[in-house]
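A.B. asks: One structure, pasted below without further comment.
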Amino acid sequence: MGERIVVGMSGGVDSSVAAALLVEQGFDVVGVTMRVWPWREPAEPERRFGACCGTEAVDDARRVARTLGIPYYVLDMEAEFGRAVVARFVDEYRAGRTPVPCVACNSDLKFGSLLARARAWDAVAVATGHYARVARDPATGRWLLLRAADARKDQTDFLWPLDQAQLAAARFPVGALTKAEVRSRARRLGLVTADKPESQEICFVPGDDYRGFLRERDPGIFRPGPIVDRAGREVGRHTGVAGYTIGQRRGLGLATGRPLYVVDLDGARDTVVVGAPEDLERTRLHARPANFIACAPPAEPLRVEAKIRHKHAPAPATVRALADGGAEVVFDEPQRAVTPGQSVVFYRGEVVVGGGVIEDPGRLTPSVVA
């Protein structure tokens with residue numbers, strides 16, 4: 001039997017096939033599901049945690065493990081998930097930012113806490129069903145994060161915080177396959193998850209109602225306040241900055257006779273700022289923290305393609321490392337709705353150069369690395 005690898009099994013087809021591929025390759029595979037939801041789920045379906053965190057997912061993962069003939073465990077990681085993901089999610093919305101919880105879950109739990117437990121079981125790596133690839137640069141010896149073969153399913157923008165030690169112990173078995181190939185393999189193996197629909201929701205938010213989730217966690221997060229224009233004139237009232245996001249037009253309740261969009265959110269002052277469509281355009285942003293994967297933080301400006309949200313087409317830009325551990329990104333052409341809290345990820349071809357968390361592009365002017 002080969003080296004031991006722990007596979008994070010979400011109960012979906014991707015992680016199921018990831019485990020199957022490793023079994024085929026002769027590894028000693030152990031399947032685990034991280035239990036990050038309350039053990040006693042509410043009876044009402046609409047109040048349960050999402051599809052990748054519920055009891056049905058555990059049942060499916062267990063059935064797949066049984067089919068593959070591998071041991072399977074459910075790990076209680078509710079407290080860790082609450083600290084690393086849920087609390088941060090609430091704090092970010094309270095501050096007027098729009099977070100990406102999957103990023104923290106990947107870096108702090110899957111390739112953080114779970115990897116530490118895997119090593120205690122003498123495992124050499126943790127594998128997941130992410131669409132991404134890892135390779136080692138023969139020239140520098142650095143571990144590289146590469147785009148998935150299936151560009152439509154690529155998930156590297158959720159993995160940019162992984163450091164060299166984490167990447168060395170990361171396995172993404174389905175990263176070289178298309179989604180169609182993954183489902184085909186699952187059917188061929190008779191896996192119960194072969195035709196299971198994909199979940200697009202935030203796994204810990206019941207019914208994808210993030211506002212309801214935030215209200216339940218912290219009722220005070222939705223404090224009413226003014227909606228102001230770029231000149232600071234009040235043009236309306238809002239019900240809490242956590243209920244808005246950059247680029248939003250609908251649901252503002254404004255009757256100004258012209259289209260207005262949310263262009264800024266100030267959680268400290270409970271203020272929503274609106275402006276014209278052109279006010280959403282930005283050519284520059286700052287990100288903090290930033291993580292450079294393919295190289296050390298560059299002392300000189302580096303040409304990249306930068307992606308500012310999951311569905312955004314990477315755009316030509318220049319990135320510079322900052323003395324405070326962040327990065328400055330300057331786009332060749334203005335980009336619409338640069339949103340604090342989201343990830344900006346830097347690419348050169350198929351290689352992920354690095355990434356960072358977007359900060360307000362209009363407020364920060366940190367010094368640049370000399």
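How things are named: the first chain in the structure tokens is A, the next is B, and so on; residues count from 1 in each chain; ligands count from 1 in the order shown.
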Could you produce a table of the residues of segment 314-361 of chain A lying within 12 Å of segment 116-134 of chain A, with the nearest pair of atoms per residue and their separation in Å rounded to one decimal, using only C-alpha atoms, ordered by chain and increasing residue number, as CSV?
C.D. replies:
```
residue,atom,partner,partner_atom,distance
A:Glu350,CA,A:Arg133,CA,9.7
A:Val351,CA,A:Arg133,CA,9.6
A:Val352,CA,A:Val134,CA,10.1
```
A.B. asks: Extract, using only C-alpha atoms, all DNA, RNA and protein residues at most 9 Å from Leu162 of chain A, discarding same-chain residues fewer than 6 positions from it, and format them as number ranges by chain.
C.D. replies: A: 106-107, 111, 145, 291, 293
A.B. asks: Using only C-alpha atoms, can you tell me which of A:Gly243, A:Gly257, A:Gly275, A:Gly82 comes closest to Asp209 of chain A?
C.D. replies: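 Of the candidates, the smallest distance to Asp209 of chain A is held by A:Gly243.
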A.B. asks: Using DSSP assignments from the backbone, pull out every residue in segment 9-257 of chain A that falls under strand (DSSP E or B) and give it to me as a PyMOL selection string.
C.D. replies: chain A and resi 28-35+72-76+125-127+133-136+143-146+170-171+225-228+234-238
A.B. asks: Running DSSP on the backbone, which parts of segment 127-225 of chain A land in alpha helix (DSSP H), as a ChimeraX atom specification?
C.D. replies: /A:164-168,179-189,210-217
A.B. asks: With N, CA and C atoms retained, export the selected residues as a PDB file, in the first residue's frame.
C.D. replies:
```
ATOM      1  N   GLN A 164       3.745  27.631   0.948  1.00  0.00           N
ATOM      2  CA  GLN A 164       4.535  26.568   0.332  1.00  0.00           C
ATOM      3  C   GLN A 164       4.362  25.228   1.051  1.00  0.00           C
ATOM      4  N   ALA A 165       4.315  25.243   2.368  1.00  0.00           N
ATOM      5  CA  ALA A 165       4.144  23.996   3.114  1.00  0.00           C
ATOM      6  C   ALA A 165       2.771  23.386   2.850  1.00  0.00           C
ATOM      7  N   GLN A 166       1.749  24.223   2.758  1.00  0.00           N
ATOM      8  CA  GLN A 166       0.406  23.727   2.483  1.00  0.00           C
ATOM      9  C   GLN A 166       0.299  23.173   1.067  1.00  0.00           C
ATOM     10  N   LEU A 167       0.876  23.872   0.103  1.00  0.00           N
ATOM     11  CA  LEU A 167       0.826  23.396  -1.279  1.00  0.00           C
ATOM     12  C   LEU A 167       1.587  22.085  -1.446  1.00  0.00           C
ATOM     13  N   ALA A 168       2.684  21.938  -0.702  1.00  0.00           N
ATOM     14  CA  ALA A 168       3.458  20.697  -0.785  1.00  0.00           C
ATOM     15  C   ALA A 168       2.638  19.509  -0.318  1.00  0.00           C
ATOM     16  N   LYS A 179     -15.359  18.654 -15.845  1.00  0.00           N
ATOM     17  CA  LYS A 179     -16.484  18.234 -15.020  1.00  0.00           C
ATOM     18  C   LYS A 179     -17.196  17.038 -15.641  1.00  0.00           C
ATOM     19  N   ALA A 180     -17.325  17.046 -16.967  1.00  0.00           N
ATOM     20  CA  ALA A 180     -17.983  15.925 -17.647  1.00  0.00           C
ATOM     21  C   ALA A 180     -17.217  14.629 -17.424  1.00  0.00           C
ATOM     22  N   GLU A 181     -15.886  14.706 -17.441  1.00  0.00           N
ATOM     23  CA  GLU A 181     -15.074  13.514 -17.205  1.00  0.00           C
ATOM     24  C   GLU A 181     -15.219  13.020 -15.768  1.00  0.00           C
ATOM     25  N   VAL A 182     -15.337  13.947 -14.834  1.00  0.00           N
ATOM     26  CA  VAL A 182     -15.519  13.575 -13.433  1.00  0.00           C
ATOM     27  C   VAL A 182     -16.833  12.815 -13.256  1.00  0.00           C
ATOM     28  N   ARG A 183     -17.900  13.346 -13.804  1.00  0.00           N
ATOM     29  CA  ARG A 183     -19.193  12.653 -13.679  1.00  0.00           C
ATOM     30  C   ARG A 183     -19.160  11.299 -14.385  1.00  0.00           C
ATOM     31  N   SER A 184     -18.499  11.229 -15.525  1.00  0.00           N
ATOM     32  CA  SER A 184     -18.411   9.968 -16.256  1.00  0.00           C
ATOM     33  C   SER A 184     -17.695   8.907 -15.430  1.00  0.00           C
ATOM     34  N   ARG A 185     -16.616   9.283 -14.771  1.00  0.00           N
ATOM     35  CA  ARG A 185     -15.889   8.335 -13.917  1.00  0.00           C
ATOM     36  C   ARG A 185     -16.743   7.894 -12.738  1.00  0.00           C
ATOM     37  N   ALA A 186     -17.472   8.837 -12.165  1.00  0.00           N
ATOM     38  CA  ALA A 186     -18.324   8.500 -11.026  1.00  0.00           C
ATOM     39  C   ALA A 186     -19.408   7.500 -11.430  1.00  0.00           C
ATOM     40  N   ARG A 187     -19.974   7.700 -12.614  1.00  0.00           N
ATOM     41  CA  ARG A 187     -20.998   6.751 -13.083  1.00  0.00           C
ATOM     42  C   ARG A 187     -20.393   5.377 -13.317  1.00  0.00           C
ATOM     43  N   ARG A 188     -19.208   5.367 -13.925  1.00  0.00           N
ATOM     44  CA  ARG A 188     -18.547   4.096 -14.223  1.00  0.00           C
ATOM     45  C   ARG A 188     -18.243   3.310 -12.952  1.00  0.00           C
ATOM     46  N   LEU A 189     -17.957   4.032 -11.876  1.00  0.00           N
ATOM     47  CA  LEU A 189     -17.642   3.397 -10.603  1.00  0.00           C
ATOM     48  C   LEU A 189     -18.890   3.109  -9.768  1.00  0.00           C
ATOM     49  N   TYR A 210     -28.214  35.063   3.376  1.00  0.00           N
ATOM     50  CA  TYR A 210     -27.127  35.535   4.233  1.00  0.00           C
ATOM     51  C   TYR A 210     -27.574  36.662   5.151  1.00  0.00           C
ATOM     52  N   ARG A 211     -28.539  37.467   4.714  1.00  0.00           N
ATOM     53  CA  ARG A 211     -29.023  38.541   5.586  1.00  0.00           C
ATOM     54  C   ARG A 211     -29.722  37.969   6.819  1.00  0.00           C
ATOM     55  N   GLY A 212     -30.552  36.939   6.596  1.00  0.00           N
ATOM     56  CA  GLY A 212     -31.214  36.299   7.721  1.00  0.00           C
ATOM     57  C   GLY A 212     -30.214  35.652   8.662  1.00  0.00           C
ATOM     58  N   PHE A 213     -29.167  35.049   8.090  1.00  0.00           N
ATOM     59  CA  PHE A 213     -28.136  34.422   8.909  1.00  0.00           C
ATOM     60  C   PHE A 213     -27.424  35.471   9.756  1.00  0.00           C
ATOM     61  N   LEU A 214     -27.062  36.599   9.151  1.00  0.00           N
ATOM     62  CA  LEU A 214     -26.371  37.659   9.887  1.00  0.00           C
ATOM     63  C   LEU A 214     -27.259  38.233  10.985  1.00  0.00           C
ATOM     64  N   ARG A 215     -28.530  38.402  10.673  1.00  0.00           N
ATOM     65  CA  ARG A 215     -29.467  38.955  11.649  1.00  0.00           C
ATOM     66  C   ARG A 215     -29.601  38.041  12.862  1.00  0.00           C
ATOM     67  N   GLU A 216     -29.572  36.732  12.608  1.00  0.00           N
ATOM     68  CA  GLU A 216     -29.687  35.775  13.711  1.00  0.00           C
ATOM     69  C   GLU A 216     -28.415  35.765  14.556  1.00  0.00           C
ATOM     70  N   ARG A 217     -27.258  35.909  13.897  1.00  0.00           N
ATOM     71  CA  ARG A 217     -25.989  35.902  14.636  1.00  0.00           C
ATOM     72  C   ARG A 217     -25.779  37.182  15.425  1.00  0.00           C
TER      73      ARG A 217
END
```
A.B. asks: Any idea what's packed within 8 Å of Tyr347 of chain A, counting only C-alpha atoms, ignoring anything in its chain fewer than 6 positions away? Could you give it as an MDAnalysis selection string?
C.D. replies: chainID A and resid 304:306 314 353:354
A.B. asks: Can you pull out every residue within 10 Å of Gly26 of chain A, counting only C-alpha atoms, but drop anything in the same chain fewer than 5 positions away, and send it as a count of residues only?
C.D. replies: 5
A.B. asks: Applying 12 Å and only C-alpha atoms, which residues near Val64 of chain A remain after dropping the ones on its own chain fewer than 2 positions away? List them as a VMD selection string.
C.D. replies: chain A and resid 9 to 20 30 to 33 57 to 62 66 to 72 186 to 187 189 to 194
A.B. asks: Could those residues be written to a file, using C-alpha atoms, as a PDB file, in the first residue's frame?
C.D. replies:
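And here's again_27.pdb as it stands now:
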```pdb
ATOM      1  CA  MET A   9     -15.235  14.394   1.351  1.00  0.00           C
ATOM      2  CA  SER A  10     -18.081  16.900   1.076  1.00  0.00           C
ATOM      3  CA  GLY A  11     -20.646  14.414  -0.191  1.00  0.00           C
ATOM      4  CA  GLY A  12     -20.363  15.791  -3.729  1.00  0.00           C
ATOM      5  CA  VAL A  13     -19.191  14.159  -6.942  1.00  0.00           C
ATOM      6  CA  ASP A  14     -15.848  16.010  -7.140  1.00  0.00           C
ATOM      7  CA  SER A  15     -14.465  14.884  -3.780  1.00  0.00           C
ATOM      8  CA  SER A  16     -15.916  11.397  -4.372  1.00  0.00           C
ATOM      9  CA  VAL A  17     -13.963  11.029  -7.615  1.00  0.00           C
ATOM     10  CA  ALA A  18     -10.876  12.578  -5.988  1.00  0.00           C
ATOM     11  CA  ALA A  19     -10.927   9.745  -3.447  1.00  0.00           C
ATOM     12  CA  ALA A  20     -11.552   7.146  -6.172  1.00  0.00           C
ATOM     13  CA  VAL A  30      -8.803   7.807   4.402  1.00  0.00           C
ATOM     14  CA  GLY A  31     -12.057   9.696   3.828  1.00  0.00           C
ATOM     15  CA  VAL A  32     -13.209  12.390   6.245  1.00  0.00           C
ATOM     16  CA  THR A  33     -16.024  14.895   6.416  1.00  0.00           C
ATOM     17  CA  ALA A  57     -23.915  14.955   2.574  1.00  0.00           C
ATOM     18  CA  VAL A  58     -22.430  12.795   5.332  1.00  0.00           C
ATOM     19  CA  ASP A  59     -24.610   9.876   4.303  1.00  0.00           C
ATOM     20  CA  ASP A  60     -23.526  10.230   0.665  1.00  0.00           C
ATOM     21  CA  ALA A  61     -19.843  10.496   1.583  1.00  0.00           C
ATOM     22  CA  ARG A  62     -20.110   7.415   3.802  1.00  0.00           C
ATOM     23  CA  ARG A  66     -18.042   2.059   1.466  1.00  0.00           C
ATOM     24  CA  THR A  67     -18.108   1.575  -2.329  1.00  0.00           C
ATOM     25  CA  LEU A  68     -14.407   2.430  -2.553  1.00  0.00           C
ATOM     26  CA  GLY A  69     -13.516   0.246   0.430  1.00  0.00           C
ATOM     27  CA  ILE A  70     -11.808   2.993   2.390  1.00  0.00           C
ATOM     28  CA  PRO A  71     -12.164   3.983   6.067  1.00  0.00           C
ATOM     29  CA  TYR A  72     -14.346   7.004   6.698  1.00  0.00           C
ATOM     30  CA  ALA A 186     -18.324   8.500 -11.026  1.00  0.00           C
ATOM     31  CA  ARG A 187     -20.998   6.751 -13.083  1.00  0.00           C
ATOM     32  CA  LEU A 189     -17.642   3.397 -10.603  1.00  0.00           C
ATOM     33  CA  GLY A 190     -21.274   3.341  -9.504  1.00  0.00           C
ATOM     34  CA  LEU A 191     -20.838   6.198  -7.026  1.00  0.00           C
ATOM     35  CA  VAL A 192     -24.060   7.496  -5.508  1.00  0.00           C
ATOM     36  CA  THR A 193     -22.929  11.088  -6.098  1.00  0.00           C
ATOM     37  CA  ALA A 194     -22.420  10.717  -9.870  1.00  0.00           C
TER      38      ALA A 194
END
```
A.B. asks: Mind checking which residues fall within 6 Å of segment 323-329 of chain A, counting only C-alpha atoms, ignoring those fewer than 4 positions away in the same chain, and posting them as a VMD selection string?
C.D. replies: chain A and resid 284 to 290 318 to 319 368 to 369
A.B. asks: Kindly indicate which residue among A:Gly8, A:Asp91, A:Arg303, A:Phe292 lies nearest to Leu144 of chain A, using only C-alpha atoms for the distances.
C.D. replies: A:Phe292
A.B. asks: Might you pull out every residue within 10 Å of Val338 of chain A, with only C-alpha atoms counted and same-chain residues fewer than 5 positions away left off, and present them as a VMD selection string?
C.D. replies: chain A and resid 246 to 247 263 to 264 280 to 285 308 to 309 343 to 344 358 to 361
A.B. asks: Suppose we keep C-alpha atoms; can you now write the selection as a PDB file, in the first residue's frame?
C.D. replies:
```
ATOM      1  CA  ILE A 246     -20.709  47.392  -4.285  1.00  0.00           C
ATOM      2  CA  GLY A 247     -22.367  47.686  -7.690  1.00  0.00           C
ATOM      3  CA  VAL A 263     -20.182  52.711  -4.859  1.00  0.00           C
ATOM      4  CA  ASP A 264     -18.947  52.556  -1.248  1.00  0.00           C
ATOM      5  CA  LEU A 280     -17.892  52.187 -10.087  1.00  0.00           C
ATOM      6  CA  GLU A 281     -14.858  52.216 -12.378  1.00  0.00           C
ATOM      7  CA  ARG A 282     -11.459  51.729 -10.742  1.00  0.00           C
ATOM      8  CA  THR A 283      -7.996  51.391 -12.229  1.00  0.00           C
ATOM      9  CA  ARG A 284      -6.208  50.788  -8.922  1.00  0.00           C
ATOM     10  CA  LEU A 285      -6.698  48.743  -5.772  1.00  0.00           C
ATOM     11  CA  ILE A 308     -11.288  40.607  -8.818  1.00  0.00           C
ATOM     12  CA  ARG A 309     -14.161  38.126  -8.300  1.00  0.00           C
ATOM     13  CA  SER A 343     -10.177  38.330  -3.479  1.00  0.00           C
ATOM     14  CA  VAL A 344      -7.903  39.682  -6.167  1.00  0.00           C
ATOM     15  CA  ILE A 358      -9.194  43.723  -1.615  1.00  0.00           C
ATOM     16  CA  GLU A 359      -9.260  46.806   0.575  1.00  0.00           C
ATOM     17  CA  ASP A 360     -11.122  50.012  -0.231  1.00  0.00           C
ATOM     18  CA  PRO A 361      -9.401  51.317  -3.381  1.00  0.00           C
TER      19      PRO A 361
END
```
A.B. asks: Measuring between only C-alpha atoms, which one of A:Asp229, A:Asp108, A:Asp163, A:Asp76 shows the shortest distance to Thr256 of chain A?
C.D. replies: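 For Thr256 of chain A, the nearest of the given residues is A:Asp229.
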